[in-house]
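Participant: Compact mmCIF, C-alpha atoms, file protein-v6.txt:
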# COMPACT_ATOMS: atom_id res chain seq x y z
CA MET D 1 -61.87 -28.07 -12.07
CA LYS D 2 -58.67 -30.05 -11.83
CA TRP D 3 -56.91 -29.31 -8.57
CA CYS D 4 -53.26 -28.44 -8.72
CA ARG D 5 -53.05 -28.43 -4.92
CA GLN D 6 -49.77 -29.54 -3.37
CA ALA D 7 -49.64 -30.05 0.36
CA LEU D 8 -47.75 -31.94 3.02
CA LEU D 9 -49.73 -32.19 6.25
CA LEU D 10 -47.83 -33.47 9.28
CA SER D 11 -49.56 -34.74 12.41
CA SER D 12 -46.91 -33.14 14.61
CA SER D 13 -43.52 -31.43 14.58
CA THR D 14 -42.12 -33.76 17.19
CA LEU D 15 -42.05 -37.51 17.38
CA TYR D 16 -40.92 -39.33 20.49
CA GLY D 17 -37.27 -40.33 20.17
CA TYR D 18 -36.45 -37.89 17.34
CA PRO D 19 -35.23 -34.26 17.30
CA MET D 20 -37.94 -31.79 16.17
CA LEU D 21 -39.06 -32.34 12.53
CA GLU D 22 -36.29 -34.93 11.98
CA PHE D 23 -38.79 -37.73 11.26
CA ALA D 24 -40.28 -35.67 8.42
CA LYS D 25 -37.02 -34.32 6.99
CA HIS D 26 -37.15 -36.53 3.93
CA GLU D 27 -40.76 -35.60 3.08
CA ILE D 28 -40.24 -31.87 3.64
CA CYS D 29 -37.02 -31.76 1.58
CA SER D 30 -38.55 -33.85 -1.22
CA ALA D 31 -41.67 -31.68 -1.44
CA LEU D 32 -39.60 -28.50 -1.69
CA THR D 33 -36.99 -29.93 -4.07
CA LYS D 34 -39.61 -31.50 -6.36
CA HIS D 35 -40.92 -27.99 -7.07
CA GLY D 36 -37.49 -26.41 -7.30
CA ILE D 37 -38.08 -24.35 -4.19
CA LYS D 38 -35.06 -22.97 -2.34
CA GLU D 39 -36.83 -20.46 -0.11
CA PHE D 40 -40.19 -20.27 1.63
CA ILE D 41 -42.21 -18.42 4.25
CA PHE D 42 -42.82 -19.69 7.78
CA VAL D 43 -46.17 -18.81 9.40
CA PRO D 44 -45.64 -18.58 13.19
CA TYR D 45 -49.14 -17.40 14.23
CA ALA D 46 -50.04 -20.55 16.21
CA ARG D 47 -47.78 -19.33 19.01
CA LYS D 48 -47.45 -16.00 20.80
CA ASN D 49 -43.73 -15.31 20.29
CA TYR D 50 -43.23 -15.10 16.52
CA ASN D 51 -39.51 -14.23 16.59
CA TRP D 52 -38.59 -17.02 18.98
CA TYR D 53 -40.72 -19.58 17.15
CA THR D 54 -39.36 -18.64 13.73
CA SER D 55 -35.77 -18.83 14.95
CA GLN D 56 -36.39 -22.32 16.39
CA ILE D 57 -37.67 -23.65 13.06
CA LYS D 58 -35.06 -21.74 11.06
CA ALA D 59 -32.30 -23.42 13.07
CA ILE D 60 -33.61 -26.82 11.97
CA ILE D 61 -34.61 -26.16 8.36
CA GLU D 62 -31.84 -23.90 7.07
CA PRO D 63 -29.08 -26.51 7.58
CA TRP D 64 -31.15 -28.68 5.22
CA GLY D 65 -30.32 -26.17 2.47
CA PHE D 66 -33.36 -23.86 2.35
CA HIS D 67 -33.86 -20.20 3.15
CA MET D 68 -36.80 -19.39 5.39
CA THR D 69 -38.39 -16.08 6.51
CA GLY D 70 -41.12 -15.44 9.11
CA LEU D 71 -44.36 -14.06 7.66
CA HIS D 72 -44.55 -11.61 10.58
CA THR D 73 -41.48 -9.79 9.25
CA TYR D 74 -43.26 -8.67 6.06
CA PRO D 75 -45.15 -5.35 6.13
CA ASP D 76 -47.96 -6.84 3.98
CA PRO D 77 -48.58 -10.56 4.71
CA VAL D 78 -51.11 -10.98 1.87
CA LYS D 79 -48.62 -9.59 -0.62
CA ALA D 80 -45.90 -11.85 0.81
CA ILE D 81 -48.07 -14.97 0.43
CA ASN D 82 -49.00 -13.93 -3.11
CA ALA D 83 -45.32 -13.74 -3.99
CA SER D 84 -44.23 -17.00 -2.33
CA LYS D 85 -43.91 -20.45 -3.87
CA ALA D 86 -44.28 -22.31 -0.58
CA ILE D 87 -45.33 -21.79 3.04
CA PHE D 88 -44.81 -23.80 6.21
CA VAL D 89 -47.51 -23.24 8.82
CA GLY D 90 -46.20 -24.30 12.22
CA GLY D 91 -48.08 -25.95 15.08
CA GLY D 92 -49.25 -24.50 18.37
CA ASN D 93 -52.85 -23.55 19.09
CA SER D 94 -55.34 -24.01 16.23
CA PHE D 95 -57.77 -21.37 17.55
CA LEU D 96 -55.03 -18.76 17.86
CA LEU D 97 -53.66 -19.62 14.40
CA LEU D 98 -57.05 -19.55 12.65
CA LYS D 99 -58.13 -16.30 14.35
CA THR D 100 -54.92 -14.59 13.24
CA LEU D 101 -55.21 -15.93 9.68
CA TYR D 102 -58.76 -14.51 9.47
CA GLU D 103 -57.74 -11.16 10.95
CA LEU D 104 -54.96 -10.78 8.37
CA ASN D 105 -57.22 -11.88 5.49
CA LEU D 106 -54.99 -14.89 4.90
CA VAL D 107 -57.55 -17.74 4.85
CA ALA D 108 -58.92 -16.76 1.43
CA THR D 109 -55.47 -15.72 0.17
CA ILE D 110 -53.82 -19.03 1.04
CA LYS D 111 -56.80 -20.98 -0.34
CA LYS D 112 -56.56 -19.25 -3.69
CA ARG D 113 -52.77 -19.59 -3.79
CA VAL D 114 -52.87 -23.33 -3.07
CA LEU D 115 -55.97 -24.42 -5.02
CA GLN D 116 -55.59 -22.16 -8.05
CA ASP D 117 -51.89 -21.32 -8.28
CA GLY D 118 -50.33 -24.49 -6.88
CA MET D 119 -48.37 -22.86 -4.04
CA LEU D 120 -46.94 -25.63 -1.84
CA TYR D 121 -48.52 -25.80 1.63
CA ILE D 122 -46.65 -27.54 4.43
CA GLY D 123 -48.43 -27.70 7.77
CA SER D 124 -47.81 -29.32 11.11
CA SER D 125 -50.36 -30.00 13.87
CA ALA D 126 -52.35 -26.72 14.12
CA GLY D 127 -50.99 -25.89 10.66
CA THR D 128 -52.51 -29.16 9.45
CA ASN D 129 -55.81 -28.52 11.24
CA VAL D 130 -56.40 -25.13 9.61
CA ALA D 131 -55.60 -26.58 6.17
CA THR D 132 -58.72 -28.78 6.32
CA ILE D 133 -62.43 -28.03 6.05
CA GLY D 134 -62.41 -26.88 9.69
CA ILE D 135 -60.79 -27.16 13.12
CA HIS D 136 -63.75 -29.06 14.65
CA THR D 137 -61.54 -32.00 15.64
CA THR D 138 -58.55 -30.19 17.09
CA ASN D 139 -57.20 -31.28 20.48
CA ASP D 140 -56.37 -27.69 21.38
CA MET D 141 -58.15 -25.55 23.95
CA PRO D 142 -60.22 -22.60 22.65
CA ILE D 143 -57.91 -20.01 24.21
CA VAL D 144 -59.24 -17.35 21.80
CA TYR D 145 -62.46 -17.01 19.77
CA PRO D 146 -61.93 -17.13 16.00
CA PRO D 147 -64.62 -15.63 13.70
CA SER D 148 -65.35 -19.14 12.34
CA LEU D 149 -64.23 -22.74 12.77
CA ASN D 150 -63.92 -23.15 9.00
CA GLY D 151 -60.41 -23.74 7.74
CA ILE D 152 -58.63 -23.06 4.46
CA GLY D 153 -60.25 -26.10 2.85
CA ILE D 154 -57.27 -27.58 1.02
CA VAL D 155 -58.78 -30.99 1.84
CA LYS D 156 -62.52 -31.57 2.19
CA PHE D 157 -62.49 -33.45 5.47
CA ASN D 158 -61.37 -32.91 9.06
CA ILE D 159 -58.12 -34.11 10.58
CA ASN D 160 -57.40 -35.00 14.19
CA PRO D 161 -53.64 -34.52 14.56
CA HIS D 162 -51.70 -36.35 17.30
CA TYR D 163 -54.31 -39.10 17.03
CA ILE D 164 -54.00 -41.68 19.80
CA ASP D 165 -55.77 -45.02 19.72
CA PRO D 166 -58.14 -45.92 22.55
CA VAL D 167 -56.34 -47.63 25.42
CA GLU D 168 -57.99 -50.76 26.87
CA SER D 169 -57.37 -50.06 30.54
CA VAL D 170 -57.98 -46.34 30.56
CA GLN D 171 -59.06 -45.03 33.96
CA GLN D 172 -59.81 -41.52 32.74
CA GLN D 173 -63.30 -41.31 31.25
CA GLY D 174 -63.52 -37.71 30.20
CA ASP D 175 -61.64 -37.16 26.99
CA ILE D 176 -61.23 -40.32 25.01
CA ARG D 177 -60.23 -39.34 21.51
CA ASP D 178 -62.31 -41.69 19.38
CA ILE D 179 -65.45 -40.95 21.45
CA ASN D 180 -64.93 -37.23 20.92
CA ILE D 181 -64.50 -37.72 17.16
CA ARG D 182 -67.68 -39.84 17.03
CA GLY D 183 -69.47 -37.06 18.92
CA TYR D 184 -68.52 -34.69 16.11
CA LEU D 185 -69.71 -37.16 13.47
CA LYS D 186 -73.22 -37.05 15.01
CA MET D 187 -73.52 -33.39 13.95
CA GLU D 188 -75.31 -32.67 10.67
CA HIS D 189 -72.50 -30.49 9.32
CA SER D 190 -69.74 -32.99 10.14
CA ARG D 191 -67.44 -34.62 7.58
CA ARG D 192 -65.14 -37.57 7.53
CA VAL D 193 -62.27 -37.35 10.00
CA VAL D 194 -58.75 -38.62 9.51
CA GLY D 195 -57.11 -39.47 12.83
CA LEU D 196 -53.45 -38.86 11.97
CA ARG D 197 -51.05 -40.54 14.40
CA GLU D 198 -47.83 -38.72 15.37
CA GLY D 199 -45.22 -39.56 12.75
CA ALA D 200 -47.79 -39.84 9.95
CA ASN D 201 -48.27 -37.33 7.13
CA LEU D 202 -50.80 -36.71 4.39
CA GLU D 203 -49.22 -35.96 1.02
CA VAL D 204 -51.70 -34.17 -1.18
CA ASP D 205 -50.85 -34.07 -4.91
CA GLY D 206 -53.77 -32.82 -6.99
CA GLU D 207 -56.56 -35.37 -6.57
CA LYS D 208 -54.28 -37.95 -4.94
CA ILE D 209 -53.83 -38.15 -1.17
CA LEU D 210 -51.21 -40.50 0.30
CA ILE D 211 -50.52 -41.40 3.90
CA THR D 212 -46.74 -41.40 4.41
CA GLY D 213 -44.32 -41.42 7.34
CA ILE D 214 -44.75 -43.93 10.12
CA ASN D 215 -47.66 -44.99 12.38
CA GLY D 216 -50.45 -44.39 9.85
CA ALA D 217 -53.96 -43.02 10.25
CA VAL D 218 -57.53 -44.00 11.10
CA LEU D 219 -60.48 -42.93 8.91
CA PHE D 220 -63.73 -42.13 10.74
CA GLY D 221 -67.02 -41.87 8.81
CA LYS D 222 -70.64 -41.27 9.77
CA MET C 1 -73.09 -6.98 46.35
CA LYS C 2 -73.15 -10.05 48.52
CA TRP C 3 -73.47 -13.17 46.43
CA CYS C 4 -76.08 -15.69 47.40
CA ARG C 5 -74.78 -18.11 44.76
CA GLN C 6 -75.04 -21.82 45.52
CA ALA C 7 -73.32 -24.25 43.20
CA LEU C 8 -71.84 -27.71 43.12
CA LEU C 9 -69.42 -28.16 40.22
CA LEU C 10 -68.29 -31.73 39.52
CA SER C 11 -65.25 -32.53 37.40
CA SER C 12 -67.02 -35.51 35.86
CA SER C 13 -70.08 -37.74 36.15
CA THR C 14 -68.03 -40.88 36.20
CA LEU C 15 -65.10 -41.92 38.31
CA TYR C 16 -63.12 -45.06 37.59
CA GLY C 17 -64.34 -47.92 39.76
CA TYR C 18 -67.71 -46.31 40.64
CA PRO C 19 -71.14 -46.38 38.97
CA MET C 20 -72.11 -43.07 37.31
CA LEU C 21 -72.45 -40.16 39.81
CA GLU C 22 -72.07 -42.56 42.77
CA PHE C 23 -68.88 -40.84 43.99
CA ALA C 24 -70.77 -37.53 44.26
CA LYS C 25 -74.03 -38.91 45.70
CA HIS C 26 -73.39 -37.48 49.15
CA GLU C 27 -72.57 -33.98 47.86
CA ILE C 28 -75.52 -33.88 45.44
CA CYS C 29 -78.02 -35.10 48.05
CA SER C 30 -76.66 -32.74 50.71
CA ALA C 31 -76.82 -29.71 48.43
CA LEU C 32 -80.44 -30.43 47.50
CA THR C 33 -81.56 -31.37 51.01
CA LYS C 34 -79.87 -28.34 52.60
CA HIS C 35 -82.13 -26.11 50.53
CA GLY C 36 -85.24 -28.25 51.06
CA ILE C 37 -85.35 -29.17 47.37
CA LYS C 38 -87.29 -32.28 46.36
CA GLU C 39 -87.49 -31.67 42.62
CA PHE C 40 -85.25 -30.06 40.03
CA ILE C 41 -84.67 -29.63 36.30
CA PHE C 42 -82.06 -31.55 34.30
CA VAL C 43 -80.41 -29.72 31.37
CA PRO C 44 -79.47 -32.33 28.73
CA TYR C 45 -78.17 -29.98 25.98
CA ALA C 46 -74.55 -31.17 26.10
CA ARG C 47 -75.62 -34.30 24.22
CA LYS C 48 -77.69 -34.88 21.09
CA ASN C 49 -80.33 -37.27 22.43
CA TYR C 50 -82.15 -35.39 25.19
CA ASN C 51 -84.69 -38.10 26.03
CA TRP C 52 -82.13 -40.85 26.32
CA TYR C 53 -79.73 -38.71 28.35
CA THR C 54 -82.44 -37.50 30.75
CA SER C 55 -83.69 -41.05 31.32
CA GLN C 56 -80.14 -42.21 32.13
CA ILE C 57 -79.69 -39.56 34.81
CA LYS C 58 -83.25 -39.96 36.09
CA ALA C 59 -82.63 -43.67 36.70
CA ILE C 60 -79.71 -42.78 38.97
CA ILE C 61 -81.06 -39.72 40.79
CA GLU C 62 -84.72 -40.57 41.41
CA PRO C 63 -83.92 -43.61 43.61
CA TRP C 64 -82.05 -41.10 45.82
CA GLY C 65 -85.44 -39.53 46.61
CA PHE C 66 -85.72 -36.60 44.20
CA HIS C 67 -88.00 -35.85 41.26
CA MET C 68 -86.28 -34.72 38.07
CA THR C 69 -87.60 -33.39 34.73
CA GLY C 70 -85.74 -32.71 31.49
CA LEU C 71 -85.67 -29.01 30.49
CA HIS C 72 -86.38 -30.03 26.88
CA THR C 73 -89.87 -31.21 27.90
CA TYR C 74 -91.01 -27.68 28.84
CA PRO C 75 -92.57 -25.50 26.11
CA ASP C 76 -90.77 -22.40 27.50
CA PRO C 77 -87.32 -23.21 28.95
CA VAL C 78 -86.73 -19.67 30.27
CA LYS C 79 -90.03 -19.80 32.19
CA ALA C 80 -89.14 -23.25 33.51
CA ILE C 81 -85.76 -22.06 34.80
CA ASN C 82 -87.40 -19.01 36.36
CA ALA C 83 -89.77 -21.29 38.28
CA SER C 84 -87.18 -23.87 39.40
CA LYS C 85 -85.26 -23.97 42.68
CA ALA C 86 -82.40 -26.07 41.29
CA ILE C 87 -80.93 -27.29 38.00
CA PHE C 88 -78.46 -30.02 37.12
CA VAL C 89 -76.51 -29.35 33.91
CA GLY C 90 -75.12 -32.64 32.61
CA GLY C 91 -71.81 -33.26 30.85
CA GLY C 92 -71.11 -33.97 27.20
CA ASN C 93 -69.72 -31.40 24.78
CA SER C 94 -69.14 -27.88 26.16
CA PHE C 95 -69.44 -26.19 22.75
CA LEU C 96 -72.76 -27.90 22.00
CA LEU C 97 -74.08 -27.09 25.49
CA LEU C 98 -73.03 -23.43 25.43
CA LYS C 99 -74.36 -22.86 21.89
CA THR C 100 -77.76 -24.29 22.87
CA LEU C 101 -77.90 -22.26 26.09
CA TYR C 102 -77.25 -19.07 24.09
CA GLU C 103 -79.81 -19.98 21.43
CA LEU C 104 -82.50 -20.50 24.07
CA ASN C 105 -81.54 -17.29 25.93
CA LEU C 106 -80.59 -19.34 28.98
CA VAL C 107 -77.10 -17.99 29.75
CA ALA C 108 -78.42 -14.69 31.09
CA THR C 109 -81.46 -16.37 32.66
CA ILE C 110 -79.42 -18.90 34.63
CA LYS C 111 -76.89 -16.23 35.64
CA LYS C 112 -79.61 -14.05 37.11
CA ARG C 113 -81.34 -16.99 38.81
CA VAL C 114 -78.11 -18.19 40.46
CA LEU C 115 -76.41 -14.89 41.34
CA GLN C 116 -79.49 -12.88 42.30
CA ASP C 117 -82.12 -15.40 43.37
CA GLY C 118 -79.95 -18.17 44.83
CA MET C 119 -81.15 -20.98 42.55
CA LEU C 120 -78.94 -24.02 43.17
CA TYR C 121 -76.69 -24.91 40.19
CA ILE C 122 -75.28 -28.40 39.93
CA GLY C 123 -72.99 -29.04 36.97
CA SER C 124 -70.82 -31.87 35.78
CA SER C 125 -67.95 -31.71 33.26
CA ALA C 126 -69.37 -29.55 30.39
CA GLY C 127 -72.00 -28.37 32.88
CA THR C 128 -69.14 -27.23 35.10
CA ASN C 129 -67.28 -25.60 32.22
CA VAL C 130 -70.20 -23.40 31.15
CA ALA C 131 -70.77 -22.31 34.76
CA THR C 132 -67.41 -20.49 34.79
CA ILE C 133 -66.17 -17.30 33.17
CA GLY C 134 -65.72 -19.20 29.88
CA ILE C 135 -65.07 -22.55 28.22
CA HIS C 136 -61.51 -21.62 27.15
CA THR C 137 -60.00 -24.57 29.01
CA THR C 138 -62.40 -27.33 28.00
CA ASN C 139 -60.98 -30.63 26.73
CA ASP C 140 -63.86 -30.98 24.26
CA MET C 141 -63.63 -30.66 20.52
CA PRO C 142 -65.32 -27.61 18.92
CA ILE C 143 -67.95 -29.72 17.13
CA VAL C 144 -70.20 -26.67 16.78
CA TYR C 145 -69.58 -22.90 16.81
CA PRO C 146 -71.16 -21.09 19.78
CA PRO C 147 -71.78 -17.31 19.54
CA SER C 148 -69.22 -16.75 22.31
CA LEU C 149 -66.84 -18.69 24.56
CA ASN C 150 -68.08 -16.77 27.61
CA GLY C 151 -69.91 -18.88 30.17
CA ILE C 152 -72.56 -18.14 32.78
CA GLY C 153 -69.97 -16.63 35.12
CA ILE C 154 -71.05 -18.19 38.41
CA VAL C 155 -67.34 -18.30 39.28
CA LYS C 156 -64.83 -15.72 37.99
CA PHE C 157 -62.17 -18.14 36.77
CA ASN C 158 -61.84 -21.01 34.30
CA ILE C 159 -62.02 -24.70 35.13
CA ASN C 160 -60.35 -27.59 33.35
CA PRO C 161 -62.52 -30.60 34.21
CA HIS C 162 -61.08 -34.14 34.07
CA TYR C 163 -57.71 -32.62 34.90
CA ILE C 164 -54.82 -35.06 34.58
CA ASP C 165 -51.37 -34.40 35.94
CA PRO C 166 -48.39 -34.47 33.58
CA VAL C 167 -46.93 -37.95 33.21
CA GLU C 168 -43.13 -38.26 33.43
CA SER C 169 -42.61 -40.74 30.62
CA VAL C 170 -45.16 -39.43 28.16
CA GLN C 171 -44.36 -40.31 24.55
CA GLN C 172 -47.15 -38.19 23.07
CA GLN C 173 -46.05 -34.58 22.72
CA GLY C 174 -49.12 -32.97 21.29
CA ASP C 175 -51.73 -32.41 23.94
CA ILE C 176 -50.26 -32.27 27.38
CA ARG C 177 -52.83 -30.73 29.67
CA ASP C 178 -50.74 -28.39 31.78
CA ILE C 179 -48.91 -27.05 28.71
CA ASN C 180 -52.25 -26.28 27.08
CA ILE C 181 -53.49 -24.49 30.20
CA ARG C 182 -50.27 -22.45 30.38
CA GLY C 183 -50.79 -21.55 26.70
CA TYR C 184 -54.16 -20.09 27.65
CA LEU C 185 -52.61 -18.16 30.55
CA LYS C 186 -50.33 -16.34 28.08
CA MET C 187 -53.38 -14.64 26.56
CA GLU C 188 -54.22 -11.14 27.81
CA HIS C 189 -57.87 -12.01 28.54
CA SER C 190 -57.06 -15.21 30.46
CA ARG C 191 -57.95 -15.84 34.11
CA ARG C 192 -56.86 -18.26 36.75
CA VAL C 193 -57.58 -21.89 35.91
CA VAL C 194 -58.61 -24.60 38.33
CA GLY C 195 -57.56 -28.04 37.09
CA LEU C 196 -60.23 -30.22 38.69
CA ARG C 197 -59.26 -33.88 38.86
CA GLU C 198 -61.95 -36.53 38.30
CA GLY C 199 -63.63 -37.19 41.63
CA ALA C 200 -63.12 -33.61 42.84
CA ASN C 201 -65.87 -30.98 43.17
CA LEU C 202 -66.07 -27.27 43.82
CA GLU C 203 -68.73 -26.34 46.37
CA VAL C 204 -69.66 -22.68 45.97
CA ASP C 205 -71.55 -21.11 48.87
CA GLY C 206 -71.79 -17.34 48.55
CA GLU C 207 -68.22 -16.02 48.74
CA LYS C 208 -66.79 -19.34 49.93
CA ILE C 209 -65.47 -21.96 47.53
CA LEU C 210 -64.46 -25.39 48.85
CA ILE C 211 -62.78 -28.27 47.05
CA THR C 212 -64.53 -31.48 48.11
CA GLY C 213 -64.67 -35.09 46.92
CA ILE C 214 -61.46 -36.98 46.29
CA ASN C 215 -58.32 -36.32 44.19
CA GLY C 216 -58.29 -32.52 44.61
CA ALA C 217 -57.39 -29.75 42.19
CA VAL C 218 -54.48 -27.70 40.83
CA LEU C 219 -54.60 -23.91 40.66
CA PHE C 220 -52.86 -22.28 37.68
CA GLY C 221 -52.10 -18.56 37.69
CA LYS C 222 -50.31 -16.17 35.33
Could you quickly redo this structure as C-alpha cells?
Facilitator:
Amino acid sequence: MKWCRQALLLSSSTLYGYPMLEFAKHEICSALTKHGIKEFIFVPYARKNYNWYTSQIKAIIEPWGFHMTGLHTYPDPVKAINASKAIFVGGGNSFLLLKTLYELNLVATIKKRVLQDGMLYIGSSAGTNVATIGIHTTNDMPIVYPPSLNGIGIVKFNINPHYIDPVESVQQQGDIRDINIRGYLKMEHSRRVVGLREGANLEVDGEKILITGINGAVLFGK
Amino acid sequence: MKWCRQALLLSSSTLYGYPMLEFAKHEICSALTKHGIKEFIFVPYARKNYNWYTSQIKAIIEPWGFHMTGLHTYPDPVKAINASKAIFVGGGNSFLLLKTLYELNLVATIKKRVLQDGMLYIGSSAGTNVATIGIHTTNDMPIVYPPSLNGIGIVKFNINPHYIDPVESVQQQGDIRDINIRGYLKMEHSRRVVGLREGANLEVDGEKILITGINGAVLFGK
C-alpha cells in the first residue's frame, strides 16, 4: 500500500523567544496552502478548557488567513473529522488527549482519514505524541488512565517531544531524558524513538519524512 | 481503624555529591533497627535486570549490618512478602514496577502487610511512587501499560519524587514540573501532591508523617 499520509508534527507550540506557534508559521501555512485548505478543525482535548484553548489558538491562526473551528463544538466529532480536510491537534497532556480520543472513537477515525484518505494532520507536543505508534516516550504525567498507550500510528516509531540533550553538570539524577528513552528501548515492544528538540518539526509526505524547523532531532535505536 | 503503618519513602536513591543511598543511611538503619529487623527483602521490579540491581543494592546495604534477599529469588513472592518483616522497593520505572506488582498479585498483599500487620515499607523513587494512592505524578515515561495507575495506598496522596522547583530563566517550555502537577490537580479524581525534593524523605509512623532528610518538600493542593 502506498501511503498518502500528510502530517506536520511539531515538537512544541512555543519556542523560547518567539510568540506561540510563530516559529512554525511558515510550515503550518505551507502545509495548508499546498493542499488548498482554507479551513480546518482544532482538537483541544489535551487540555481541560476546550473553549478557552480553542480561542487562544484561533487568535493566532485566523490572522494567518485560515478559518478554524473547535472539534468540541460539533455534535458528532466522528462525522466532523470525516468531513474535514485537515485537523490541528494541540498540545497539553498526552494521557488526557489519548483517553478522550479513544472515548470518542477518534483514534481509528483519524487513522483511516490520514492513512487512507490523505487528510492533513498537524500536531504539536501531545498532538505529536498521539500521532505516533504510542505515547510511551511522553514527558507528561499520567494524570488520567487511557484504555491503551497505542497512538494513531501515522508514523511507526515513537517521538519524545521537547527533547533536551543531556547536560554535563547535571545535579539532578532522577529524570534524565536520554536515560529514560534508553529504558524504554530495553522493552521488547519498543520502537525507534525520535527525540524532537523544541523548534524542530517532522514533515511527513507519503513515504518521505523530513526534519524541518530549527534545532533538529536525535534518533535513538535499540 | 488505627493504622500501624510504618514506612520510609525516599525521593531518590542518589543525591548529588553522595554515594548511592549514603544520604539516607541513618534513616534506613534507624527504621530497621527500631523494629529489631536484621534481614529484609529487596523488590527489584522497577528495573529489567533483577540480579544486577539486587547485587548493587546488596553491596551498599549489607556492610551496614543487614541481610538482604531479592524477591525475584523466591519461588512464591506473595508467600515471601507474607513472611517478611520489611521490604525495600527500589527505584527505576514506576510503570514497570507497578505492572509487575499487579501481575504477581503483590499490590494487595503489600497493602495488607503494611496497613494491617505493620510490615516496614522502605521505598525509593518509583518505590515511593507506587506506595502512594497512585503513580499519576511520576516523572517516568510510560514504557509499559500497567492494569491501573492506582498504587498500594500506604499514604492517601500522590508524591512527585525528584521534585525540582521552577527555574526563573527556563528556556524550555514543555515540561515544567509544577505546571504538570497543577494540571493533575485540575482532574476530578486528583489528590494532594507532595513534591519531594531529592534528599528528602517521608517517615510514616501510624498517623504521623514527618519530612526528614535534607531539601524538604512542597505541598500542592487543589
Participant: Considering only C-alpha atoms, return as a CSV table (one decimal) with C-alpha atoms, keeping the file's coordinate frame whatever protein or nucleic-acid residues lie within 7 Å of His136 in chain C, sequence-local ones (same chain, fewer than 6 positions apart) excluded.
Facilitator:
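Contents of result.csv, as written:
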chain,number,residue,atom,x,y,z
D,141,MET,CA,-58.2,-25.6,24.0
D,142,PRO,CA,-60.2,-22.6,22.6
D,143,ILE,CA,-57.9,-20.0,24.2
C,149,LEU,CA,-66.8,-18.7,24.6
Participant: Residues of chain C no more than 8 Å from chain D, counting only C-alpha atoms: send them over as a PyMOL selection string.
Facilitator: chain C and resi 12+14-16+48+135-145+148-149+162+171-175+180-181+183-184+186-187+190+198
Participant: What gap, in Å, lies between CA of Leu115 in chain C and CA of Arg5 in chain C?
Facilitator: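 For CA of Leu115 in chain C relative to CA of Arg5 in chain C, the distance reads 5.0 Å.
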Participant: Tell me, in Å to one decimal, how far CA of Ala80 in chain D is from CA of Asn51 in chain D.
Facilitator: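 So the answer is 17.2 Å.
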Participant: So that all listed atoms of range 107-111 of chain C fit with 6 Å spare on each side, what axis-aligned box centre and edge lengths in Å, to one decimal, would you give as JSON?
Facilitator:
{"center_x": -79.2, "center_y": -16.8, "center_z": 32.7, "size_x": 16.6, "size_y": 16.2, "size_z": 17.9}
Participant: Which residues are near range 208-211 of chain C? Cut-off 12 Å, only C-alpha atoms, ignore same chain within fewer than 5 positions. Put them as a PyMOL selection string.
Facilitator: chain C and resi 2-11+27+154-157+194-197+199-203+216-219
Participant: Quick check, in Å to one decimal: how far apart do CA of Ile81 in chain C and CA of Gly118 in chain C lie?
Facilitator: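 Distance between the two atoms: 12.2 Å.
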Participant: When you look at range 66-71 of chain C with a cut-off of 9 Å (counting all atoms listed in the file), what residues show up, excluding the ones that are within fewer than 4 positions of it in the same chain? I need them as a list of chain:residue names.
Facilitator: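 The neighbour list is C:Cys29, C:Leu32, C:Ile37, C:Lys38, C:Glu39, C:Phe40, C:Ile41, C:Phe42, C:Val43, C:Pro44, C:Tyr45, C:Tyr50, C:Asn51, C:Thr54, C:Ser55, C:Ile57, C:Lys58, C:Ile61, C:Glu62, C:Pro75, C:Asp76, C:Pro77, C:Ala80, C:Ile81.
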Participant: Can you rebuild range 191-199 of chain D with N, CA, C and O atoms and give it as a tab-separated table (two decimals), in the coordinates of the input?
Facilitator:
chain	number	residue	atom	x	y	z
D	191	ARG	N	-68.03	-33.94	8.74
D	191	ARG	CA	-67.44	-34.62	7.58
D	191	ARG	C	-66.69	-35.85	8.05
D	191	ARG	O	-66.67	-36.14	9.24
D	192	ARG	N	-66.03	-36.49	7.13
D	192	ARG	CA	-65.14	-37.57	7.53
D	192	ARG	C	-63.96	-36.98	8.30
D	192	ARG	O	-63.56	-35.84	8.08
D	193	VAL	N	-63.40	-37.80	9.19
D	193	VAL	CA	-62.27	-37.35	10.00
D	193	VAL	C	-61.11	-38.33	9.84
D	193	VAL	O	-61.31	-39.55	9.95
D	194	VAL	N	-59.95	-37.79	9.54
D	194	VAL	CA	-58.75	-38.62	9.51
D	194	VAL	C	-58.01	-38.43	10.83
D	194	VAL	O	-57.58	-37.33	11.16
D	195	GLY	N	-57.90	-39.49	11.60
D	195	GLY	CA	-57.11	-39.47	12.83
D	195	GLY	C	-55.66	-39.78	12.46
D	195	GLY	O	-55.33	-40.91	12.13
D	196	LEU	N	-54.82	-38.74	12.47
D	196	LEU	CA	-53.45	-38.86	11.97
D	196	LEU	C	-52.50	-39.06	13.16
D	196	LEU	O	-52.30	-38.14	13.96
D	197	ARG	N	-51.95	-40.26	13.27
D	197	ARG	CA	-51.05	-40.54	14.40
D	197	ARG	C	-49.75	-39.74	14.28
D	197	ARG	O	-49.34	-39.40	13.16
D	198	GLU	N	-49.12	-39.44	15.40
D	198	GLU	CA	-47.83	-38.72	15.37
D	198	GLU	C	-46.84	-39.54	14.55
D	198	GLU	O	-46.71	-40.75	14.75
D	199	GLY	N	-46.15	-38.87	13.64
D	199	GLY	CA	-45.22	-39.56	12.75
D	199	GLY	C	-45.82	-39.81	11.37
D	199	GLY	O	-45.09	-40.13	10.43
